[in-house]
>>> print(open('work-v8.pdb').read())   # PDB, C-alpha atoms
ATOM      1  CA  MET A 175      12.300  47.978  31.421
ATOM      2  CA  SER A 176      13.984  45.772  28.842
ATOM      3  CA  THR A 177      10.899  43.614  28.254
ATOM      4  CA  GLU A 178       7.175  44.198  28.351
ATOM      5  CA  MET A 179       5.465  43.236  31.623
ATOM      6  CA  LEU A 180       3.477  40.012  31.420
ATOM      7  CA  LYS A 181      -0.286  40.454  31.347
ATOM      8  CA  ALA A 182      -0.853  37.478  33.678
ATOM      9  CA  TYR A 183       1.090  35.897  36.534
ATOM     10  CA  ASN A 184       3.631  33.398  35.188
ATOM     11  CA  PRO A 185       4.859  31.097  37.989
ATOM     12  CA  ASP A 186       7.693  29.690  35.860
ATOM     13  CA  ALA A 187       9.139  33.134  35.307
ATOM     14  CA  VAL A 188       8.629  34.360  38.873
ATOM     15  CA  GLU A 189       9.328  31.269  40.992
ATOM     16  CA  ALA A 190      11.952  29.398  38.970
ATOM     17  CA  ALA A 191      15.021  30.606  40.878
ATOM     18  CA  TRP A 192      13.604  31.345  44.322
ATOM     19  CA  TYR A 193      13.519  27.867  45.832
ATOM     20  CA  SER A 194      16.992  26.834  44.708
ATOM     21  CA  TRP A 195      18.330  30.081  46.223
ATOM     22  CA  TRP A 196      16.517  29.454  49.523
ATOM     23  CA  GLU A 197      17.901  25.925  49.623
ATOM     24  CA  LYS A 198      21.502  26.892  48.753
ATOM     25  CA  SER A 199      21.404  29.683  51.319
ATOM     26  CA  GLY A 200      20.537  27.196  54.086
ATOM     27  CA  PHE A 201      17.401  29.068  55.144
ATOM     28  CA  PHE A 202      15.577  25.804  55.922
ATOM     29  CA  SER A 203      18.224  24.344  58.243
ATOM     30  CA  PRO A 204      17.447  24.519  61.981
ATOM     31  CA  ARG A 205      19.082  27.509  63.672
ATOM     32  CA  LEU A 206      21.643  26.840  66.394
ATOM     33  CA  VAL A 207      23.454  29.301  68.653
ATOM     34  CA  ASN A 208      27.031  28.184  69.351
ATOM     35  CA  GLY A 209      25.959  24.628  68.609
ATOM     36  CA  GLU A 210      22.993  24.790  71.013
ATOM     37  CA  LEU A 211      19.268  25.387  70.627
ATOM     38  CA  PRO A 212      18.269  29.044  70.928
ATOM     39  CA  LYS A 213      16.473  30.233  74.065
ATOM     40  CA  GLU A 214      13.227  30.408  72.059
ATOM     41  CA  GLY A 215      13.290  26.600  71.776
ATOM     42  CA  ALA A 216      12.698  24.178  68.920
ATOM     43  CA  TYR A 217       9.776  23.347  66.625
ATOM     44  CA  VAL A 218       9.889  20.140  64.551
ATOM     45  CA  VAL A 219       7.389  18.699  62.057
ATOM     46  CA  PRO A 220       8.107  15.423  60.235
ATOM     47  CA  ILE A 221       6.113  15.162  57.009
ATOM     48  CA  PRO A 222       3.382  12.507  56.975
ATOM     49  CA  PRO A 223       5.292  10.601  54.275
ATOM     50  CA  PRO A 224       3.413  10.356  50.967
ATOM     51  CA  ASN A 225       3.293   6.946  49.311
ATOM     52  CA  VAL A 226       6.001   6.354  46.726
ATOM     53  CA  THR A 227       3.449   4.589  44.487
ATOM     54  CA  GLY A 228       2.383   7.768  42.752
ATOM     55  CA  SER A 229       2.546  11.549  42.610
ATOM     56  CA  LEU A 230       1.169  14.185  44.963
ATOM     57  CA  HIS A 231      -2.377  15.528  44.760
ATOM     58  CA  LEU A 232      -4.292  18.506  46.147
ATOM     59  CA  GLY A 233      -4.646  16.901  49.581
ATOM     60  CA  HIS A 234      -0.873  16.708  49.970
ATOM     61  CA  ALA A 235      -0.543  20.346  48.891
ATOM     62  CA  LEU A 236      -3.170  21.472  51.419
ATOM     63  CA  THR A 237      -1.610  19.569  54.321
ATOM     64  CA  GLY A 238       1.873  20.714  53.346
ATOM     65  CA  ALA A 239       0.762  24.359  53.155
ATOM     66  CA  ILE A 240      -0.657  24.228  56.697
ATOM     67  CA  GLN A 241       2.450  22.533  58.102
ATOM     68  CA  ASP A 242       4.779  24.913  56.269
ATOM     69  CA  CYS A 243       2.885  27.930  57.628
ATOM     70  CA  LEU A 244       3.420  26.617  61.161
ATOM     71  CA  ILE A 245       7.110  25.958  60.479
ATOM     72  CA  ARG A 246       7.696  29.430  58.990
ATOM     73  CA  TRP A 247       5.714  31.152  61.762
ATOM     74  CA  ASN A 248       7.803  29.473  64.462
ATOM     75  CA  ARG A 249      11.006  30.164  62.501
ATOM     76  CA  MET A 250      10.081  33.858  62.405
ATOM     77  CA  HIS A 251       9.710  33.762  66.195
ATOM     78  CA  GLY A 252      13.336  32.707  66.545
ATOM     79  CA  LYS A 253      12.792  29.003  67.205
ATOM     80  CA  SER A 254      15.025  26.329  65.716
ATOM     81  CA  ALA A 255      12.438  25.132  63.188
ATOM     82  CA  LEU A 256      12.867  21.865  61.332
ATOM     83  CA  TYR A 257      10.557  20.460  58.645
ATOM     84  CA  ILE A 258      11.653  16.893  57.789
ATOM     85  CA  PRO A 259      10.896  15.546  54.266
ATOM     86  CA  GLY A 260      10.532  11.931  53.145
ATOM     87  CA  CYS A 261       8.282   9.343  51.531
ATOM     88  CA  ASP A 262       6.759   6.000  52.490
ATOM     89  CA  HIS A 263       7.397   2.622  50.839
ATOM     90  CA  ALA A 264       3.604   1.948  51.024
ATOM     91  CA  GLY A 265       4.022  -1.768  51.720
ATOM     92  CA  ILE A 266       1.539  -3.937  49.832
ATOM     93  CA  ALA A 267       0.593  -1.115  47.413
ATOM     94  CA  THR A 268       4.171  -0.733  46.175
ATOM     95  CA  GLN A 269       4.658  -4.495  46.043
ATOM     96  CA  ILE A 270       1.634  -4.859  43.751
ATOM     97  CA  VAL A 271       2.756  -2.037  41.448
ATOM     98  CA  VAL A 272       6.321  -3.373  41.145
ATOM     99  CA  GLU A 273       5.079  -6.944  40.618
ATOM    100  CA  LYS A 274       2.790  -5.814  37.788
ATOM    101  CA  LYS A 275       5.698  -3.934  36.226
ATOM    102  CA  LEU A 276       7.949  -7.018  36.418
ATOM    103  CA  LYS A 277       5.251  -9.224  34.913
ATOM    104  CA  LYS A 278       4.552  -6.817  32.070
ATOM    105  CA  GLU A 279       8.162  -5.962  31.173
ATOM    106  CA  ARG A 280      10.042  -9.178  31.978
ATOM    107  CA  ASN A 281       7.332 -11.806  32.586
ATOM    108  CA  LEU A 282       8.741 -12.459  36.086
ATOM    109  CA  THR A 283       7.255 -12.747  39.571
ATOM    110  CA  ARG A 284       8.866 -11.764  42.864
ATOM    111  CA  HIS A 285       9.335 -15.478  43.569
ATOM    112  CA  ASP A 286      11.393 -15.794  40.375
ATOM    113  CA  LEU A 287      13.685 -12.992  41.566
ATOM    114  CA  GLY A 288      13.960 -13.860  45.240
ATOM    115  CA  ARG A 289      13.660 -11.497  48.197
ATOM    116  CA  GLU A 290      16.902  -9.528  47.782
ATOM    117  CA  GLN A 291      16.532  -8.857  44.056
ATOM    118  CA  PHE A 292      12.866  -7.946  44.486
ATOM    119  CA  ILE A 293      13.784  -5.400  47.187
ATOM    120  CA  ASN A 294      16.327  -3.963  44.742
ATOM    121  CA  GLU A 295      13.496  -3.505  42.226
ATOM    122  CA  ILE A 296      11.507  -1.607  44.861
ATOM    123  CA  TRP A 297      14.492   0.660  45.477
ATOM    124  CA  LYS A 298      14.712   1.354  41.731
ATOM    125  CA  TRP A 299      11.028   2.264  41.739
ATOM    126  CA  LYS A 300      11.608   4.568  44.710
ATOM    127  CA  GLU A 301      14.470   6.374  42.962
ATOM    128  CA  VAL A 302      12.201   7.236  40.034
ATOM    129  CA  TYR A 303       8.949   8.101  41.807
ATOM    130  CA  GLY A 304      10.460   9.324  45.075
ATOM    131  CA  ASP A 305      12.438  11.940  43.150
ATOM    132  CA  ARG A 306       9.256  13.018  41.355
ATOM    133  CA  ILE A 307       7.538  13.551  44.725
ATOM    134  CA  TYR A 308      10.482  15.553  46.050
ATOM    135  CA  LYS A 309      10.414  17.793  42.965
ATOM    136  CA  GLN A 310       6.714  18.415  43.575
ATOM    137  CA  LEU A 311       7.365  19.315  47.220
ATOM    138  CA  ARG A 312       9.978  21.823  46.081
ATOM    139  CA  ARG A 313       7.587  23.335  43.526
ATOM    140  CA  VAL A 314       4.953  24.099  46.191
ATOM    141  CA  GLY A 315       7.658  25.928  48.171
ATOM    142  CA  SER A 316       7.659  23.883  51.387
ATOM    143  CA  SER A 317      10.646  24.790  53.580
ATOM    144  CA  PHE A 318      12.112  21.315  54.134
ATOM    145  CA  ASP A 319      15.633  20.624  55.342
ATOM    146  CA  TRP A 320      16.617  18.397  52.390
ATOM    147  CA  GLU A 321      19.795  17.210  54.087
ATOM    148  CA  ARG A 322      17.551  15.147  56.399
ATOM    149  CA  VAL A 323      15.286  13.503  53.793
ATOM    150  CA  LYS A 324      14.198   9.970  54.753
ATOM    151  CA  PHE A 325      12.620   6.942  53.083
ATOM    152  CA  THR A 326      10.805   4.470  55.342
ATOM    153  CA  MET A 327      12.984   1.598  54.101
ATOM    154  CA  ASP A 328      16.222   3.403  55.010
ATOM    155  CA  PRO A 329      18.385   1.175  57.274
ATOM    156  CA  SER A 330      18.126   3.560  60.238
ATOM    157  CA  LEU A 331      14.319   3.649  60.107
ATOM    158  CA  SER A 332      14.071  -0.122  59.544
ATOM    159  CA  THR A 333      16.224  -0.660  62.632
ATOM    160  CA  ALA A 334      13.967   1.649  64.651
ATOM    161  CA  VAL A 335      10.839  -0.237  63.502
ATOM    162  CA  THR A 336      12.398  -3.597  64.415
ATOM    163  CA  GLU A 337      13.370  -2.253  67.841
ATOM    164  CA  ALA A 338       9.845  -0.915  68.423
ATOM    165  CA  PHE A 339       8.211  -4.245  67.545
ATOM    166  CA  VAL A 340      10.642  -6.192  69.745
ATOM    167  CA  ARG A 341       9.886  -3.934  72.712
ATOM    168  CA  LEU A 342       6.124  -4.161  72.131
ATOM    169  CA  HIS A 343       6.407  -7.957  71.988
ATOM    170  CA  GLU A 344       8.525  -8.145  75.117
ATOM    171  CA  ASP A 345       6.035  -6.108  77.171
ATOM    172  CA  GLY A 346       3.095  -8.137  75.841
ATOM    173  CA  THR A 347       1.449  -5.340  73.866
ATOM    174  CA  ILE A 348       1.673  -7.400  70.664
ATOM    175  CA  TYR A 349       1.679 -11.181  70.665
ATOM    176  CA  ARG A 350       1.266 -14.257  68.507
ATOM    177  CA  GLU A 351      -2.046 -16.082  68.607
ATOM    178  CA  ASN A 352      -4.090 -18.411  66.445
ATOM    179  CA  ARG A 353      -6.554 -16.161  64.632
ATOM    180  CA  LEU A 354      -8.485 -15.948  61.393
ATOM    181  CA  VAL A 355      -6.590 -13.757  58.941
ATOM    182  CA  ASN A 356      -7.314 -12.100  55.613
ATOM    183  CA  TRP A 357      -5.183 -14.355  53.421
ATOM    184  CA  CYS A 358      -4.526 -13.099  49.888
ATOM    185  CA  THR A 359      -4.262 -15.984  47.451
ATOM    186  CA  LYS A 360      -2.593 -13.710  44.896
ATOM    187  CA  LEU A 361       0.123 -12.150  47.061
ATOM    188  CA  LYS A 362       0.496 -15.167  49.387
ATOM    189  CA  THR A 363       0.418 -12.974  52.480
ATOM    190  CA  ALA A 364      -1.975 -11.807  55.193
ATOM    191  CA  LEU A 365      -3.628  -8.401  54.737
ATOM    192  CA  SER A 366      -4.865  -5.975  57.361
ATOM    193  CA  ASN A 367      -8.570  -5.179  57.623
ATOM    194  CA  LEU A 368      -7.837  -1.764  56.056
ATOM    195  CA  GLU A 369      -6.610  -3.438  52.865
ATOM    196  CA  VAL A 370      -9.651  -5.676  52.410
ATOM    197  CA  GLU A 371     -12.845  -4.887  50.537
ATOM    198  CA  SER A 372     -15.620  -6.638  52.443
ATOM    199  CA  ILE A 373     -18.742  -8.020  50.754
ATOM    200  CA  GLU A 374     -21.902  -8.646  52.781
ATOM    201  CA  LEU A 375     -23.545 -11.936  51.746
ATOM    202  CA  GLU A 376     -27.172 -12.827  52.464
ATOM    203  CA  GLY A 377     -26.527 -16.537  52.107
ATOM    204  CA  SER A 378     -24.951 -19.054  49.784
ATOM    205  CA  THR A 379     -23.072 -17.155  47.051
ATOM    206  CA  TRP A 380     -20.787 -18.529  44.363
ATOM    207  CA  LEU A 381     -17.767 -16.314  43.599
ATOM    208  CA  SER A 382     -14.541 -16.570  41.636
ATOM    209  CA  VAL A 383     -11.239 -16.278  43.541
ATOM    210  CA  PRO A 384      -8.292 -14.123  42.378
ATOM    211  CA  ASP A 385      -5.369 -16.073  40.900
ATOM    212  CA  HIS A 386      -7.596 -19.161  40.392
ATOM    213  CA  ASP A 387      -9.403 -20.429  37.337
ATOM    214  CA  GLU A 388     -11.718 -17.543  36.370
ATOM    215  CA  LYS A 389     -14.336 -19.999  35.124
ATOM    216  CA  LYS A 390     -14.444 -21.832  38.446
ATOM    217  CA  LYS A 391     -16.696 -20.612  41.267
ATOM    218  CA  TYR A 392     -16.458 -21.289  44.999
ATOM    219  CA  GLU A 393     -19.277 -21.230  47.533
ATOM    220  CA  PHE A 394     -19.207 -18.513  50.206
ATOM    221  CA  GLY A 395     -21.696 -17.345  52.826
ATOM    222  CA  VAL A 396     -22.419 -20.723  54.415
ATOM    223  CA  ILE A 397     -21.233 -22.573  57.500
ATOM    224  CA  ILE A 398     -21.087 -26.325  57.120
ATOM    225  CA  SER A 399     -21.045 -28.533  60.215
ATOM    226  CA  PHE A 400     -20.408 -32.240  60.239
ATOM    227  CA  ALA A 401     -19.688 -35.000  62.754
ATOM    228  CA  TYR A 402     -18.328 -38.527  62.565
ATOM    229  CA  PRO A 403     -19.945 -41.332  64.596
ATOM    230  CA  LEU A 404     -17.569 -42.976  67.044
ATOM    231  CA  GLU A 405     -17.524 -46.762  67.260
ATOM    232  CA  ASN A 406     -18.971 -48.131  70.509
ATOM    233  CA  SER A 407     -20.027 -44.649  71.553
TER
END
>>> encode(input="work-v8.pdb", output="structure tokens")
Amino acid sequence: MSTEMLKAYNPDAVEAAWYSWWEKSGFFSPRLVNGELPKEGAYVVPIPPPNVTGSLHLGHALTGAIQDCLIRWNRMHGKSALYIPGCDHAGIATQIVVEKKLKKERNLTRHDLGREQFINEIWKWKEVYGDRIYKQLRRVGSSFDWERVKFTMDPSLSTAVTEAFVRLHEDGTIYRENRLVNWCTKLKTALSNLEVESIELEGSTWLSVPDHDEKKKYEFGVIISFAYPLENS
């Protein structure tokens, strides 16, 4: 041997070239026979897309390991196996992060930029942090077909979402109605129940409201009823 064997396992030395070779060799592309699926059938797993707001953690690695085992097992059995990579725009979470960044770096709000320019800022954020997520997915060795990577704001996926909502509205599954909503005074939009931190109040409680004067308090936890007398009633 030209060099002394390492005393401990060094992943950088051992794994550095493997994944790029797998990817270049096309091992992760679904197998076709004369342009058709093989007789063994197909097995497809789309990744539950991680949020583009941050980096991956142990939970992502655990889920990915289980899914990749299933993909590789079915691939070994001759099936046309496809593991689809991608990441999620994360909606309100990404909006908040990008807005804070704009405020800190350029002292601007999304209203100052307008819808189109603000969406462009989100795409810039995605290019930076989406690429970091994809590098992490490669490092854990998941056998994704990277030619099919998707972002949930891609035009094709946005079109599919619009089509789904239109169909659900047309068949009456979703509908417009007058309802109480969780209105965010900071973001100027309605939030789902999952994005709200509820506080149980025993009675009259004075609280400050985000994006209002911090020194000013508003009364919550009471229901006030009133009635006006009608003349000649």
>>> closest_residue(input="work-v8.pdb", among="A:Asp319, A:Ile266, A:Lys181, A:Arg205", to="Ser366 in chain A", atoms="all atoms listed in the file")
A:Ile266
>>> atom_distance(input="work-v8.pdb", atom1="CA of Glu388 in chain A", atom2="CA of Cys358 in chain A")
15.9 Å
>>> residues_near_point(input="work-v8.pdb", point="(-5.5, -12.3, 49.5)", cutoff="12 Å", atoms="all atoms listed in the file", output="list in words")
Ile266, Ile270, Val355, Asn356, Trp357, Cys358, Thr359, Lys360, Leu361, Lys362, Thr363, Ala364, Leu365, Ser366, Asn367, Glu369, Val370, Glu371, Ser372, Val383, Pro384, Asp385 and His386 of chain A
>>> resolve_selection(input="work-v8.pdb", expression="the PyMOL selection byres ((chain A and resi 310-315) around 8)", output="MDAnalysis selection string")
chainID A and resid 193 230 235 306:309 316:317
>>> closest_residue(input="work-v8.pdb", among="A:Lys298, A:Lys198, A:Arg284, A:Lys275", to="Val226 in chain A", atoms="only C-alpha atoms")
A:Lys298
>>> atom_distance(input="work-v8.pdb", atom1="CA of Leu276 in chain A", atom2="CA of Asp305 in chain A")
20.6 Å
>>> resolve_selection(input="work-v8.pdb", expression="the PyMOL selection byres ((chain A and resi 223) around 10)", output="list in words")
Pro220, Ile221, Pro222, Pro224, Asn225, Val226, His234, Ile258, Pro259, Gly260, Cys261, Asp262, His263, Ala264, Lys324, Phe325 and Thr326 of chain A
>>> residues_around(input="work-v8.pdb", residues="Asn248 in chain A", least_positions_apart="5", cutoff="7 Å", atoms="all atoms listed in the file", output="list in words")
Tyr217, Lys253 and Ala255 of chain A
>>> atom_distance(input="work-v8.pdb", atom1="CA of Ser254 in chain A", atom2="CA of Pro212 in chain A")
6.7 Å
>>> closest_residue(input="work-v8.pdb", among="A:Gly252, A:Gly238, A:Pro329, A:Gly395", to="Ser378 in chain A", atoms="only C-alpha atoms")
A:Gly395
>>> axis_aligned_box(input="work-v8.pdb", around="range 344-356 of chain A", padding_each_side="3 Å", output="AutoDock Vina command-line options")
--center_x 0.0 --center_y -11.9 --center_z 66.4 --size_x 23.0 --size_y 19.1 --size_z 27.6
>>> closest_residue(input="work-v8.pdb", among="A:Lys390, A:Arg350, A:Tyr257, A:Glu344", to="Val323 in chain A", atoms="only C-alpha atoms")
A:Tyr257
>>> closest_residue(input="work-v8.pdb", among="A:Leu354, A:Leu256, A:Ile240, A:Leu404", to="Gly215 in chain A", atoms="all atoms listed in the file")
A:Leu256
